[in-house]
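Engineer: Take a look at this one; I'll ask things after.
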Amino acid sequence: MATVLLRAVLRPFRWLPSHPRPAAEMPLRARSDGVGLLYPHHIPTSPLQKALLAAGSAAMALYNPYRHDMVAVLGETTGHRTLKVLRDQMRRDPEGAQILQERPRISTSTLDLGKLQSLPEGSLGREYLRFLDVNRVSPDTRAPTRFVDDEELAYVIQRYREVHDMLHTLLGMPTNILGEIVVKWFEAVQTGLPMCILGALFGPIQLSAQSLQVLISELIPWAIQNGRRAPCLLNLYYERRWEQPLRALREELGLTAPPIHVQGLA
Amino acid sequence: MAAPRNLALWNYCGRRWSRAMRGCQQLGLRSSWPGASLSARLLSQEKRATETHFGFETVSEEEKGGKVYQVFESVAKKYDVMNDMMSLGIHRLWKDLLLWKMRPLPGTQLLDVAGGTGLAWVLGDAEELPFDDDKFDIYTIAFGIRNVTHIDQALQEAHRVLKPGGRFLCLEFSQVNNPLISRLYDLYSFQVIPVLGEVIAGDWKSYQYLVESIRRFPSQEEFKEMIEDAGFHKVTYESLTSGIVAIHSAFKL
């Protein structure tokens with residue numbers, strides 16, 4: 001009787017996983033040997049869990065902006081539809097298709113930092129390295145994807161994350177709050193990922209009035225303009241373009257210099 | 001370091017866990033492991049004597065101690081806030097009730113195992129306590145015994161270090177006795193708790209382990225029998241919050 005009532009109550013919640021079997025069978029968890037997981041670190045989640053994670057991570061990211069992991073979780077739990085669109089457009093682009101095929105990764109183990117160091121000044125590789133040094137960041141701080149339930153899409157969002165520092169280099173934006181927001185606006189226009197849109201809209205909340213003024217009047221319009229004009233930057237095989245002069249690459253992509261110099265951590 | 005009052009409180013952190021788990025059989029009877037029939041499973045239990053459970057995973061016994069250790073290393077920082085969040089503060093009521101049952105008096109020699117932090121504490125192993133026989137008036141363990149690799153050994157040790165007439169008290173997650181509440185509890189446990197762990201503590205997996213290890217722990221009756229097997233008498237239990245937790249009490253005579 002109680003279970004009949006319970007089912008009636010829970011019927012509207014059709015996004016819950018169905019559990020006809022006893023409590024011990026409840027979890028949405030693959031076996032300990034990893035079989036059943038779509039990729040390493042994959043954590044399968046129900047639609048309800050994804051909704052809770054999305055709401056929770058958004059709230060926590062706002063409450064504590066240092067929780068970068070929450071931004072990542074937000075991206076993974078809200079991006080499925082958009083990632084499909086991104087993946088499809090990568091397939092249609094010759095360079096993008098190669099990336100999907102070969103799945104290059106950007107980390108200190110895959111990058112030849114010595115080689116990048118030896119490249120000429122003004123080249124993409126050299127400037128990228130300079131960016132990492134000046135801002136004291138490393139490509140290894142990107143957390144692995146966990147909550148995307150498709151292994152190709154998991155790669156796409158991983159690639160998006162790893163390419164983020166490239167965008168900083170191309171746009172000439174530092175990693176302070178203002179620089180990050182500008183890059184988020186650019187990414188929002190380019191990718192349409194809900195996480196980027198939310199970050200772009202809510203990131204500025206913590207800014208001073210002066211920064212906000214500059215952001216709204218100069219930087220955002222510039223970011224939007226460049227974002228729309230440039231082809232999708234996920235389609236660039238950066239690893240094959242290290243020698244390309246940064247200026248030439250920017251021209252190729254239609255990227256203009258920022259309207260004002262945003263202070264970096266020099 | 002002695003407490004200023006006469007109530008000597010040895011708070012004691014159980015850490016290292018070691019070898020063979022006999023109690024595994026009783027757990028196997030409860031959870032429905034896919035495939036194998038009961039007798040086949042008991043037989044295979046004998047062959048793979050060095051395997052045990054870690055939540056719903058299967059791990060070797062050597063591994064389990066280390067894995068549990070890692071879980072608690074990971075959750076230590078946000079332990080208290082997570083407990084409040086997950087149980088909406090109710091864990092405090094459970095612990096208050098345990099204290100009330102215990103009614104410690106000045107002069108009572110009390111050992112609290114897996115206590116974390118406290119007045120005077122000693123590092124050791126629940127399965128091999130660094131104390132002499134017949135030393136304590138009361139032995140308590142709250143939300144700790146579930147994580148021990150060999151629960152029967154921990155119970156035997158508890159029996160050993162208690163004085164004759166001494167009391168064993170265990171507060172632990174148990175089996176819910178109401179089907180409706182059980183369903184809601186499962187839903188909450190598996191859908192919400194790992195999410196809370198991820199959002200608040202940045203740690204999904206430890207809290208997934210938590211809710212799974214609760215399901216692995218024996219029922220009130222089974223645990224009562226295990227306590228009796230260790231030599232205790234007058235074993236009773238009281239279920240709290242529809243059986244989400246239970247307090248088991250026993251005496252060494």
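Here's how to read the names in the structure tokens: chain A, B, ... by the order shown, residue numbers from 1 in each chain, ligand numbers from 1 in the order shown.
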Identify all residues of segment 71-192 of chain B in strand (DSSP E) (DSSP on the backbone) and supply them as a list of chain:residue names.
Structural biologist: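 Assigned to strand (DSSP E), within segment 71-192 of chain B: B:Gln109, B:Leu110, B:Leu111, B:Asp112, B:Val113, B:Ala120, B:Trp121, B:Val122, B:Leu123, B:Gly124, B:Phe136, B:Asp137, B:Ile138, B:Tyr139, B:Thr140, B:Ile141, B:Ala142, B:Leu162, B:Lys163, B:Pro164, B:Gly165, B:Gly166, B:Arg167, B:Phe168, B:Leu169, B:Cys170, B:Leu171, B:Glu172, B:Phe173.
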Engineer: Could those residues be written to a file, using N, CA and C atoms, as a short mmCIF file (atom, residue, chain, number, x, y, z; two decimals), in the first residue's frame?
Structural biologist:
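See selection-v7.cif below for the written result:
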```cif
data_model
loop_
_atom_site.label_atom_id
_atom_site.label_comp_id
_atom_site.auth_asym_id
_atom_site.auth_seq_id
_atom_site.Cartn_x
_atom_site.Cartn_y
_atom_site.Cartn_z
N GLN B 109 36.30 4.96 33.45
CA GLN B 109 37.38 4.82 32.46
C GLN B 109 36.72 4.54 31.12
N LEU B 110 36.79 5.48 30.22
CA LEU B 110 36.06 5.36 28.98
C LEU B 110 36.99 5.36 27.78
N LEU B 111 36.78 4.43 26.87
CA LEU B 111 37.55 4.38 25.63
C LEU B 111 36.61 4.65 24.46
N ASP B 112 36.89 5.69 23.69
CA ASP B 112 36.10 5.99 22.51
C ASP B 112 36.97 5.71 21.28
N VAL B 113 36.58 4.72 20.52
CA VAL B 113 37.41 4.29 19.39
C VAL B 113 36.96 4.98 18.10
N ALA B 120 42.34 13.35 25.34
CA ALA B 120 43.63 12.65 25.38
C ALA B 120 43.52 11.56 24.34
N TRP B 121 44.42 11.55 23.38
CA TRP B 121 44.21 10.51 22.39
C TRP B 121 45.47 9.75 22.03
N VAL B 122 45.21 8.52 21.60
CA VAL B 122 46.25 7.53 21.32
C VAL B 122 46.01 7.01 19.92
N LEU B 123 47.07 6.83 19.18
CA LEU B 123 46.93 6.30 17.83
C LEU B 123 47.07 4.79 17.88
N GLY B 124 46.16 4.09 17.23
CA GLY B 124 46.29 2.63 17.24
C GLY B 124 45.36 1.98 16.25
N PHE B 136 39.00 -0.92 30.85
CA PHE B 136 38.01 0.16 30.74
C PHE B 136 36.63 -0.23 31.27
N ASP B 137 35.91 0.78 31.74
CA ASP B 137 34.53 0.57 32.18
C ASP B 137 33.58 0.61 30.99
N ILE B 138 33.86 1.51 30.06
CA ILE B 138 32.99 1.66 28.89
C ILE B 138 33.84 1.74 27.62
N TYR B 139 33.41 1.06 26.60
CA TYR B 139 34.02 1.15 25.27
C TYR B 139 32.96 1.67 24.32
N THR B 140 33.24 2.77 23.65
CA THR B 140 32.26 3.26 22.68
C THR B 140 32.91 3.35 21.30
N ILE B 141 32.10 3.21 20.30
CA ILE B 141 32.54 3.44 18.93
C ILE B 141 31.35 3.98 18.15
N ALA B 142 31.52 5.20 17.65
CA ALA B 142 30.41 5.85 16.94
C ALA B 142 30.79 6.07 15.49
N LEU B 162 37.76 -4.42 28.01
CA LEU B 162 36.75 -4.02 29.00
C LEU B 162 36.94 -4.80 30.29
N LYS B 163 36.66 -4.12 31.38
CA LYS B 163 36.68 -4.80 32.69
C LYS B 163 35.47 -5.72 32.75
N PRO B 164 35.52 -6.75 33.57
CA PRO B 164 34.29 -7.52 33.81
C PRO B 164 33.22 -6.58 34.35
N GLY B 165 32.02 -6.67 33.79
CA GLY B 165 30.98 -5.71 34.15
C GLY B 165 31.00 -4.49 33.25
N GLY B 166 32.02 -4.41 32.41
CA GLY B 166 32.12 -3.25 31.53
C GLY B 166 31.10 -3.29 30.41
N ARG B 167 30.86 -2.10 29.83
CA ARG B 167 29.81 -1.98 28.82
C ARG B 167 30.36 -1.59 27.46
N PHE B 168 29.82 -2.22 26.43
CA PHE B 168 30.15 -1.92 25.05
C PHE B 168 28.99 -1.14 24.44
N LEU B 169 29.28 -0.05 23.80
CA LEU B 169 28.22 0.74 23.17
C LEU B 169 28.67 1.12 21.76
N CYS B 170 27.81 0.84 20.80
CA CYS B 170 28.15 1.16 19.42
C CYS B 170 27.01 1.94 18.77
N LEU B 171 27.34 3.09 18.22
CA LEU B 171 26.37 3.87 17.45
C LEU B 171 26.78 3.73 15.99
N GLU B 172 25.89 3.21 15.17
CA GLU B 172 26.28 2.97 13.78
C GLU B 172 25.06 3.00 12.88
N PHE B 173 25.31 3.27 11.61
CA PHE B 173 24.23 3.21 10.62
C PHE B 173 23.72 1.78 10.57
#
```
Engineer: Need the shell around Pro258 of chain A: protein/DNA/RNA residues with any atom at most 8 Å away, counting only C-alpha atoms. Skip same-chain ones fewer than 3 positions apart. Format as a PyMOL selection string?
Structural biologist: chain A and resi 171-172+219+222+261
Engineer: Tell me, as a short mmCIF file (atom, residue, chain, number, x, y, z; two decimals) with C-alpha atoms, in the first residue's frame, which residues lie within 10 Å of Tyr188 of chain B, counting only C-alpha atoms; anything in the same chain fewer than 6 positions away does not count.
Structural biologist:
```
data_model
loop_
_atom_site.label_atom_id
_atom_site.label_comp_id
_atom_site.auth_asym_id
_atom_site.auth_seq_id
_atom_site.Cartn_x
_atom_site.Cartn_y
_atom_site.Cartn_z
CA MET B 86 24.02 15.41 5.25
CA SER B 182 13.69 3.07 3.20
CA PRO B 194 27.49 12.29 -3.36
CA VAL B 211 26.52 5.48 1.41
#
```
Engineer: Output the contact residues of chain B with respect to chain A at a cut-off of 12 Å, based on only C-alpha atoms, as number ranges by chain.
Structural biologist: B: 27-34, 53-60, 175-176, 178-205, 208-209, 211-217
Engineer: Find the spatial neighbours of Leu212 of chain A, counting only C-alpha atoms, within a cut-off of 12 Å - ignore same-chain residues fewer than 5 positions away - and output them as a list in words.
Structural biologist: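 Non-adjacent residues within range: Ile177, Leu178, Ile181, Val182, Leu201, Phe202, Gly203, Pro204, Ile205, Gln206, Leu207, Ser217, Glu218, Leu219 and Ile220 of chain A.
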Engineer: For a quick check of understanding, using only C-alpha atoms, which of A:Val148, A:Met166, A:Ala223, A:Leu124 has the smallest distance to Trp185 of chain A?
Structural biologist: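 Among the listed residues, A:Ala223 lies closest to Trp185 of chain A.
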Engineer: What's the separation between atom CA of Phe131 of chain A and atom CA of Pro94 of chain A, in Å to one decimal place?
Structural biologist: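 One can read the atom CA of Phe131 of chain A to atom CA of Pro94 of chain A distance as 28.2 Å.
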Engineer: I need the residues of segment 51-167 of chain B that end up classed as alpha helix (DSSP H) by DSSP on the backbone, written out as a PyMOL selection string.
Structural biologist: chain B and resi 61-75+79-87+90-102+151-161
Engineer: Choose the residue, out of B:Gln153, B:Ser206, B:Thr236, B:Asn147, that has the smallest atom-to-atom separation from Ser74 of chain B; count only C-alpha atoms.
Structural biologist: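 Ranked by minimum distance to Ser74 of chain B, first place goes to B:Ser206.
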Engineer: Tell me, in Å to one decimal, how far atom CA of Ile197 of chain A is from atom CA of Val85 of chain A.
Structural biologist: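 Taking atom CA of Ile197 of chain A as the start and atom CA of Val85 of chain A as the end point, the length is 15.8 Å.
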Engineer: Looking at A:Ala200, A:Ser208, A:Ile106, A:Leu113, which one is nearest to Asp165 of chain A, with distances taken over only C-alpha atoms?
Structural biologist: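 That would be A:Ile106, the residue with the smallest distance to Asp165 of chain A.
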Engineer: Have a look at B:Lys252, B:Lys77, B:Lys67, B:Lys101 and name the one nearest to Gln156 of chain B; count only C-alpha atoms.
Structural biologist: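 The closest residue to Gln156 of chain B is B:Lys252.
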Engineer: Report, in Å to a single decimal, how far apart atom CA of Gly36 of chain A and atom CA of Lys84 of chain A are.
Structural biologist: 21.7 Å
